[in-house]
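The data block below is target_7.txt; it holds compact mmCIF, C-alpha atoms and all ligand atoms.
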# COMPACT_ATOMS: atom_id res chain seq x y z
CA MET A 1 171.69 -143.84 -72.91
CA ILE A 2 171.79 -140.23 -71.78
CA ARG A 3 169.47 -139.21 -68.97
CA PRO A 4 167.49 -136.00 -69.41
CA SER A 5 168.85 -133.36 -67.09
CA ALA A 6 167.04 -130.61 -65.29
CA SER A 7 170.20 -128.52 -64.87
CA ALA A 8 170.83 -125.29 -66.76
CA GLN A 9 172.15 -125.41 -70.29
CA ARG A 10 175.88 -126.14 -70.56
CA ARG A 11 177.84 -124.61 -73.39
CA ILE A 12 180.60 -126.94 -74.55
CA LEU A 13 183.28 -126.40 -77.19
CA LEU A 14 184.36 -129.67 -78.82
CA LEU A 15 187.60 -129.60 -80.80
CA GLY A 16 187.02 -132.07 -83.61
CA GLY A 17 188.10 -133.18 -87.05
CA THR A 18 187.66 -136.84 -86.10
CA THR A 19 185.04 -139.58 -86.35
CA GLU A 20 184.68 -139.49 -82.57
CA ALA A 21 183.84 -135.76 -82.52
CA ARG A 22 181.19 -136.31 -85.18
CA LEU A 23 179.72 -139.21 -83.16
CA ILE A 24 179.54 -137.03 -80.03
CA ALA A 25 177.74 -134.28 -81.98
CA GLU A 26 175.31 -136.86 -83.39
CA ARG A 27 174.60 -138.30 -79.96
CA LEU A 28 173.95 -134.82 -78.50
CA ALA A 29 171.81 -133.54 -81.39
CA GLY A 30 168.49 -132.23 -80.15
CA ARG A 31 169.50 -132.04 -76.49
CA GLY A 32 168.13 -128.90 -74.91
CA ASP A 33 170.48 -128.98 -71.94
CA ILE A 34 173.77 -129.19 -73.84
CA ASP A 35 174.68 -126.48 -76.31
CA LEU A 36 177.54 -127.98 -78.30
CA THR A 37 179.78 -126.21 -80.79
CA VAL A 38 182.17 -128.34 -82.85
CA SER A 39 185.40 -126.69 -83.97
CA LEU A 40 187.20 -127.78 -87.13
CA ALA A 41 190.62 -126.65 -88.34
CA GLY A 42 189.16 -126.03 -91.80
CA ARG A 43 191.78 -128.04 -93.69
CA THR A 44 189.56 -130.68 -95.37
CA GLN A 45 187.88 -129.34 -98.48
CA ASN A 46 184.54 -131.12 -97.96
CA PRO A 47 184.32 -132.25 -94.33
CA LEU A 48 181.58 -134.71 -93.46
CA ALA A 49 178.48 -132.99 -92.13
CA VAL A 50 178.29 -132.57 -88.35
CA PRO A 51 174.91 -131.82 -86.73
CA GLY A 52 174.51 -128.60 -84.78
CA ALA A 53 176.78 -125.59 -84.51
CA VAL A 54 180.13 -125.82 -86.30
CA ARG A 55 182.88 -123.21 -86.51
CA SER A 56 186.01 -123.47 -88.60
CA GLY A 57 189.61 -122.20 -88.51
CA GLY A 58 192.37 -121.65 -85.97
CA PHE A 59 192.04 -119.51 -82.84
CA GLY A 60 195.53 -117.99 -82.88
CA GLY A 61 197.21 -120.22 -80.32
CA ALA A 62 196.35 -121.05 -76.71
CA LYS A 63 195.70 -117.45 -75.72
CA GLY A 64 193.40 -116.98 -78.70
CA LEU A 65 191.47 -120.10 -77.77
CA ALA A 66 191.22 -118.98 -74.12
CA ALA A 67 189.89 -115.58 -75.25
CA TYR A 68 187.34 -117.29 -77.53
CA LEU A 69 186.16 -119.56 -74.68
CA ALA A 70 185.63 -116.55 -72.43
CA ALA A 71 184.01 -114.33 -75.08
CA GLU A 72 181.56 -117.07 -76.08
CA ARG A 73 180.88 -118.00 -72.44
CA PHE A 74 181.63 -121.69 -72.77
CA ASP A 75 181.32 -123.86 -69.65
CA ALA A 76 183.75 -126.59 -70.72
CA LEU A 77 186.23 -127.66 -73.38
CA VAL A 78 186.66 -131.14 -74.88
CA ASP A 79 189.63 -132.03 -77.08
CA ALA A 80 188.54 -134.79 -79.46
CA THR A 81 191.15 -134.03 -82.11
CA HIS A 82 193.29 -136.64 -83.84
CA PRO A 83 196.07 -138.17 -81.72
CA PHE A 84 198.66 -136.72 -84.13
CA ALA A 85 197.26 -133.18 -83.81
CA ALA A 86 199.69 -132.36 -81.01
CA GLY A 87 199.69 -128.58 -81.52
CA ILE A 88 195.99 -128.01 -80.95
CA SER A 89 195.98 -130.52 -78.07
CA ALA A 90 198.73 -128.58 -76.28
CA ASN A 91 196.88 -125.32 -76.96
CA ALA A 92 193.61 -126.77 -75.68
CA ALA A 93 195.15 -127.87 -72.37
CA GLU A 94 196.74 -124.46 -71.88
CA ALA A 95 193.61 -122.55 -72.92
CA ALA A 96 191.39 -124.51 -70.51
CA ARG A 97 193.87 -123.70 -67.73
CA LEU A 98 193.93 -120.00 -68.65
CA ALA A 99 190.13 -119.83 -68.88
CA GLY A 100 189.65 -121.92 -65.72
CA LEU A 101 187.30 -124.35 -67.45
CA PRO A 102 186.68 -128.08 -66.96
CA PHE A 103 188.61 -129.92 -69.65
CA LEU A 104 188.64 -133.44 -71.02
CA ALA A 105 190.63 -135.10 -73.80
CA LEU A 106 189.40 -138.06 -75.84
CA ARG A 107 192.22 -140.18 -77.24
CA ARG A 108 191.58 -143.35 -79.15
CA PRO A 109 193.99 -146.11 -78.12
CA ALA A 110 196.96 -146.78 -80.41
CA TRP A 111 196.85 -149.99 -82.48
CA GLN A 112 198.72 -152.89 -80.89
CA PRO A 113 200.49 -155.55 -82.95
CA GLN A 114 198.89 -158.98 -83.15
CA ARG A 115 200.36 -162.36 -83.97
CA GLY A 116 201.41 -162.31 -87.63
CA ASP A 117 201.92 -158.54 -87.84
CA ARG A 118 205.26 -157.37 -89.25
CA TRP A 119 205.37 -153.88 -87.75
CA ARG A 120 208.22 -151.54 -87.01
CA GLU A 121 207.83 -148.25 -85.21
CA ALA A 122 209.50 -144.95 -86.08
CA ALA A 123 209.52 -141.65 -84.21
CA ASP A 124 208.93 -139.59 -87.34
CA ILE A 125 208.82 -139.78 -91.13
CA PRO A 126 212.61 -139.46 -91.73
CA ALA A 127 213.19 -142.31 -89.25
CA ALA A 128 210.50 -144.37 -90.99
CA LEU A 129 212.15 -143.82 -94.38
CA ALA A 130 215.47 -144.96 -92.90
CA LEU A 131 213.78 -148.18 -91.74
CA ILE A 132 212.26 -148.76 -95.17
CA GLY A 133 215.82 -148.58 -96.49
CA ALA A 134 217.90 -147.45 -99.43
CA ALA A 135 216.83 -150.15 -101.88
CA PRO A 136 213.78 -149.31 -104.03
CA ARG A 137 210.52 -150.73 -102.67
CA ARG A 138 206.81 -150.42 -103.40
CA VAL A 139 205.35 -148.32 -100.56
CA PHE A 140 201.73 -147.54 -99.69
CA VAL A 141 201.59 -144.18 -97.88
CA THR A 142 198.71 -142.83 -95.77
CA LEU A 143 200.38 -140.01 -93.84
CA GLY A 144 197.89 -137.25 -94.60
CA ARG A 145 198.23 -134.40 -97.06
CA ASN A 146 200.00 -131.99 -94.69
CA GLU A 147 202.97 -134.17 -93.86
CA VAL A 148 203.35 -136.45 -96.88
CA GLY A 149 205.89 -134.10 -98.54
CA ALA A 150 208.60 -135.56 -96.31
CA ILE A 151 208.68 -138.73 -98.45
CA GLU A 152 210.37 -136.74 -101.23
CA ALA A 153 213.55 -137.52 -99.29
CA ALA A 154 213.32 -141.14 -100.54
CA PRO A 155 212.72 -140.82 -104.30
CA GLN A 156 214.07 -144.32 -105.00
CA HIS A 157 210.76 -145.95 -104.01
CA ALA A 158 207.56 -146.49 -106.00
CA PHE A 159 204.81 -144.83 -103.96
CA LEU A 160 201.05 -145.31 -103.81
CA ILE A 161 199.75 -142.30 -101.85
CA ARG A 162 196.23 -142.09 -100.44
CA SER A 163 194.71 -138.90 -99.05
CA ILE A 164 191.23 -137.44 -98.56
CA ASP A 165 191.92 -134.34 -100.64
CA PRO A 166 194.20 -134.20 -103.69
CA ILE A 167 197.88 -133.54 -103.05
CA VAL A 168 198.60 -130.38 -105.00
CA PRO A 169 201.18 -129.74 -106.26
CA ARG A 170 202.18 -133.33 -106.87
CA LEU A 171 205.32 -134.47 -105.05
CA LYS A 172 208.78 -134.39 -106.60
CA LEU A 173 208.89 -138.15 -107.11
CA SER A 174 209.46 -140.07 -110.33
CA ASP A 175 207.20 -143.00 -109.39
CA ALA A 176 204.11 -141.94 -107.43
CA ARG A 177 200.44 -142.77 -107.89
CA TYR A 178 197.72 -140.95 -106.01
CA ILE A 179 194.35 -142.07 -104.70
CA GLU A 180 191.80 -139.74 -103.14
CA ALA A 181 189.46 -141.57 -100.77
CA ARG A 182 187.85 -141.14 -97.38
CA GLY A 183 187.49 -144.03 -94.92
CA PRO A 184 186.28 -146.24 -93.46
CA PHE A 185 188.37 -148.74 -95.40
CA GLU A 186 187.38 -152.40 -95.21
CA GLU A 187 189.97 -155.15 -95.00
CA ALA A 188 188.85 -156.96 -98.17
CA ALA A 189 189.13 -153.83 -100.32
CA GLU A 190 192.49 -152.98 -98.74
CA ARG A 191 193.76 -156.48 -99.53
CA ALA A 192 192.73 -156.03 -103.16
CA LEU A 193 194.45 -152.63 -103.30
CA LEU A 194 197.70 -153.88 -101.75
CA THR A 195 197.74 -156.87 -104.10
CA GLU A 196 196.90 -154.87 -107.23
CA HIS A 197 199.75 -152.43 -106.58
CA ARG A 198 202.18 -155.16 -105.41
CA ILE A 199 202.80 -153.21 -102.20
CA GLU A 200 205.80 -154.35 -100.12
CA VAL A 201 205.56 -151.97 -97.17
CA ILE A 202 202.96 -149.66 -95.62
CA LEU A 203 203.99 -146.28 -94.22
CA ALA A 204 201.32 -144.87 -91.89
CA LYS A 205 200.67 -143.19 -88.56
CA ASN A 206 199.60 -145.29 -85.59
CA SER A 207 196.31 -143.42 -85.54
CA GLY A 208 194.21 -146.09 -83.81
CA GLY A 209 190.49 -146.54 -84.45
CA ALA A 210 188.57 -148.85 -86.74
CA ALA A 211 188.17 -146.68 -89.85
CA SER A 212 191.75 -147.01 -91.11
CA TYR A 213 192.75 -150.33 -89.52
CA GLY A 214 191.71 -152.35 -92.60
CA LYS A 215 195.07 -151.84 -94.32
CA LEU A 216 196.92 -153.35 -91.35
CA ALA A 217 194.55 -156.32 -91.11
CA ALA A 218 195.09 -156.84 -94.84
CA ALA A 219 198.87 -156.51 -94.47
CA ARG A 220 198.86 -159.20 -91.77
CA VAL A 221 197.07 -161.65 -94.08
CA LEU A 222 199.37 -160.82 -96.99
CA GLY A 223 202.57 -160.85 -94.91
CA ILE A 224 203.32 -157.22 -95.78
CA GLU A 225 205.50 -155.10 -93.53
CA ALA A 226 204.21 -151.88 -91.92
CA VAL A 227 206.30 -148.99 -90.64
CA LEU A 228 204.17 -146.98 -88.23
CA ILE A 229 204.89 -143.50 -86.93
CA ALA A 230 204.56 -143.49 -83.13
CA ARG A 231 202.20 -141.12 -81.35
CA PRO A 232 203.55 -137.64 -80.59
CA LYS A 233 203.79 -136.56 -76.97
CA LEU A 234 200.47 -135.16 -75.81
CA PRO A 235 199.77 -133.10 -72.69
CA ASP A 236 199.16 -134.91 -69.41
CA VAL A 237 195.50 -134.02 -68.93
CA PRO A 238 192.30 -135.77 -67.84
CA THR A 239 191.73 -138.27 -70.63
CA VAL A 240 189.23 -140.93 -71.69
CA ASP A 241 189.39 -143.30 -74.63
CA ARG A 242 185.72 -143.79 -75.59
CA VAL A 243 182.92 -141.57 -76.88
CA ASP A 244 180.59 -142.91 -74.16
CA ALA A 245 183.01 -141.71 -71.48
CA VAL A 246 182.93 -138.18 -72.90
CA LEU A 247 179.12 -138.17 -72.85
CA GLU A 248 179.13 -139.46 -69.28
CA TRP A 249 181.57 -136.70 -68.25
CA MET A 250 179.28 -134.11 -69.82
CA GLU A 251 176.35 -135.40 -67.77
CA HIS A 252 178.17 -134.46 -64.57
CA LEU A 253 179.26 -131.08 -65.83
CA GLY A 254 177.78 -128.04 -64.17
CA SER A 255 176.95 -124.82 -65.96
CA GLY A 256 178.55 -121.53 -64.93
CA HIS A 257 182.09 -122.94 -64.89
CA GLN A 258 181.50 -125.58 -62.19
CA ALA A 259 184.03 -128.38 -62.20
CA ALA A 260 183.13 -131.87 -63.43
CA PRO A 261 184.54 -134.93 -61.65
CA PRO A 262 188.07 -135.74 -62.76
CA ALA A 263 188.80 -138.31 -65.45
CA ARG A 264 191.90 -140.46 -65.44
CA ARG A 265 195.05 -138.62 -66.55
CA GLY A 266 196.93 -139.62 -69.67
CA VAL A 267 194.99 -142.75 -70.77
P1 LIG B 301 197.79 -129.30 -85.28
O1 LIG B 301 199.07 -129.34 -86.01
O2 LIG B 301 197.76 -129.81 -83.89
O3 LIG B 301 197.17 -127.83 -85.26
C1 LIG B 301 197.73 -126.76 -85.98
C2 LIG B 301 196.82 -125.57 -85.80
O4 LIG B 301 195.59 -125.75 -86.51
C3 LIG B 301 196.41 -125.32 -84.38
O5 LIG B 301 197.41 -124.65 -83.65
C4 LIG B 301 195.14 -124.53 -84.57
O6 LIG B 301 195.44 -123.20 -84.99
C5 LIG B 301 194.51 -125.20 -85.77
N1 LIG B 301 193.60 -126.29 -85.41
C6 LIG B 301 193.85 -127.62 -85.36
N2 LIG B 301 192.76 -128.31 -85.04
C7 LIG B 301 191.77 -127.40 -84.87
C8 LIG B 301 190.39 -127.50 -84.54
N3 LIG B 301 189.79 -128.70 -84.34
N4 LIG B 301 189.68 -126.34 -84.45
C9 LIG B 301 190.27 -125.14 -84.68
N5 LIG B 301 191.57 -125.01 -85.00
C10 LIG B 301 192.31 -126.11 -85.10
O7 LIG B 301 196.66 -130.07 -86.10
P2 LIG B 301 196.75 -130.95 -87.43
O8 LIG B 301 197.54 -132.18 -87.13
O9 LIG B 301 197.13 -130.08 -88.56
O10 LIG B 301 195.22 -131.37 -87.55
C11 LIG B 301 194.26 -130.42 -87.97
C12 LIG B 301 192.88 -131.02 -87.77
O11 LIG B 301 192.77 -132.22 -88.54
C13 LIG B 301 192.58 -131.39 -86.33
O12 LIG B 301 191.29 -130.89 -86.02
C14 LIG B 301 192.61 -132.90 -86.29
O13 LIG B 301 191.64 -133.45 -85.42
C15 LIG B 301 192.31 -133.27 -87.74
N6 LIG B 301 193.03 -134.48 -88.17
C16 LIG B 301 194.40 -134.54 -88.07
C17 LIG B 301 195.06 -135.68 -88.48
C18 LIG B 301 196.55 -135.79 -88.34
O14 LIG B 301 197.10 -136.84 -88.74
N7 LIG B 301 197.26 -134.80 -87.82
C19 LIG B 301 194.33 -136.76 -88.99
C20 LIG B 301 192.94 -136.67 -89.08
C21 LIG B 301 192.30 -135.52 -88.67
P3 LIG B 301 195.56 -121.97 -83.96
O15 LIG B 301 196.83 -122.16 -83.22
O16 LIG B 301 195.52 -120.76 -84.84
O17 LIG B 301 194.36 -122.05 -83.05
How does the structure come out when it is put into structure tokens?
Ligand code: NAP
Amino acid sequence: MIRPSASAQRRILLLGGTTEARLIAERLAGRGDIDLTVSLAGRTQNPLAVPGAVRSGGFGGAKGLAAYLAAERFDALVDATHPFAAGISANAAEAARLAGLPFLALRRPAWQPQRGDRWREAADIPAALALIGAAPRRVFVTLGRNEVGAIEAAPQHAFLIRSIDPIVPRLKLSDARYIEARGPFEEAAERALLTEHRIEVILAKNSGGAASYGKLAAARVLGIEAVLIARPKLPDVPTVDRVDAVLEWMEHLGSGHQAAPPARRGV
């Protein structure tokens, strides 16, 4: 529960594109003391609605973001982007430093294997394809539209590829089926999908969070292997791992560029 605050209005820029950023905007909707703007990259064709002010598109690197923060007189910056969005996270850390603003990152914890999971970890997509091997297999891919093209390097497999927006042009693969769908994905439906397509291995990012975990819960039950791309290196900055912790941090934030109490670094 957020306490009403008598302090002056705080202007906060929230870098989003995630469920968590949308939840923060929903929780802050209607608050007179926090003036939140959510920033989206503008890649998804029909992003889910976010309450309040939303802006879209890149800033032109860290310096561009720092200039935007100053020009728009923001009091603080929060990075709630996806854990694989390493470029914007690095820019955000640098921009907050340049602008001299309080800064917090929200990072959802990575998924951890449980008893019965058959997971292997790869540093990147080429390494993941090497683990999947040279022999043809039936592979379910959820890497996201921007990076999925790298699987063209392994045309021997039969791919089922799921993305939010259509992958256009289609990949240079002789055996690929495409599904367009937006999470959350429930375990039961994922089990049915994996069974229907006789999937042998899942190729995905270790994104963390509940919305896309269903496929891994289903894989555990079905005894299906998963090759997960490990998290990229992210900047060592004050970090929390829950939406509530971001809201709490905002409560202690001053207006006029006053510093908020530090969060733990690199959660
Ligand atoms: P990225 O590689 O880290 O960022 C590339 C560039 O896109 C950034 O340098 C920045 O351009 C712009 N950008 C990224 N996020 C932005 C934001 N929230 N607001 C304004 N500009 C942004 O990012 P990405 O991996 O392509 O992800 C793009 C967006 O999709 C992020 O907002 C992320 O939260 C969301 N997303 C990503 C994934 C994923 O797997 N990567 C999954 C789900 C959602 P400038 O340098 O010009 O400022």
* Asked: Which polymer residues, protein or nucleic acid, are no farther than 12 Å from (211.6, -144.5, -82.0), counting only C-alpha atoms, as an MDAnalysis selection string?
  -> chainID A and resid 120:128 130:131 227:232
* To do: Please write out the residues within 9 Å of ligand LIG 301 (chain B) as a PyMOL selection string, counting only C-alpha atoms and all ligand atoms.
  => chain A and resi 14-19+21+38-44+55-65+79-92+143-147+205+207
* Could you state the separation of atom CA of A:Glu196 and atom CA of A:Ser212 in Å, given to one decimal place? ->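 We find that atom CA of A:Glu196 and atom CA of A:Ser212 lie 18.7 Å from each other.
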* Structure fact -> note - atom CA of A:Glu94 and atom CA of A:Leu253 are separated by 19.6 Å
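In this structure, atom CA of A:Ile151 sits 26.2 Å away from atom CA of A:Arg108.
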* Asked: Which of these, A:Gly183, A:Gly254, A:Pro136, A:Gly30, has the shortest distance to A:Leu48 once you count all atoms listed in the file?
  -> A:Gly183
Contacts of A:Ala25 at 9 Å or less, counting only C-alpha atoms, minus same-chain residues fewer than 2 places along, as a CSV table (one decimal) with C-alpha atoms, in the coordinates of the input?
chain,number,residue,atom,x,y,z
A,14,LEU,CA,184.4,-129.7,-78.8
A,20,GLU,CA,184.7,-139.5,-82.6
A,21,ALA,CA,183.8,-135.8,-82.5
A,22,ARG,CA,181.2,-136.3,-85.2
A,23,LEU,CA,179.7,-139.2,-83.2
A,27,ARG,CA,174.6,-138.3,-80.0
A,28,LEU,CA,174.0,-134.8,-78.5
A,29,ALA,CA,171.8,-133.5,-81.4
A,36,LEU,CA,177.5,-128.0,-78.3
A,37,THR,CA,179.8,-126.2,-80.8
A,38,VAL,CA,182.2,-128.3,-82.8
A,50,VAL,CA,178.3,-132.6,-88.4
A,51,PRO,CA,174.9,-131.8,-86.7
A,52,GLY,CA,174.5,-128.6,-84.8
Per-axis box centre and lengths in Å around stretch 49-58 of chain A, 3 Å margin per side, axis-aligned, as JSON:
{"center_x": 183.4, "center_y": -127.3, "center_z": -88.3, "size_x": 23.9, "size_y": 17.3, "size_z": 13.6}
* Identify which of the residues A:Lys215, A:Arg11, A:Arg242, A:Arg97 lies closest to A:Phe140, counting only C-alpha atoms when measuring atom-to-atom distances. => A:Lys215
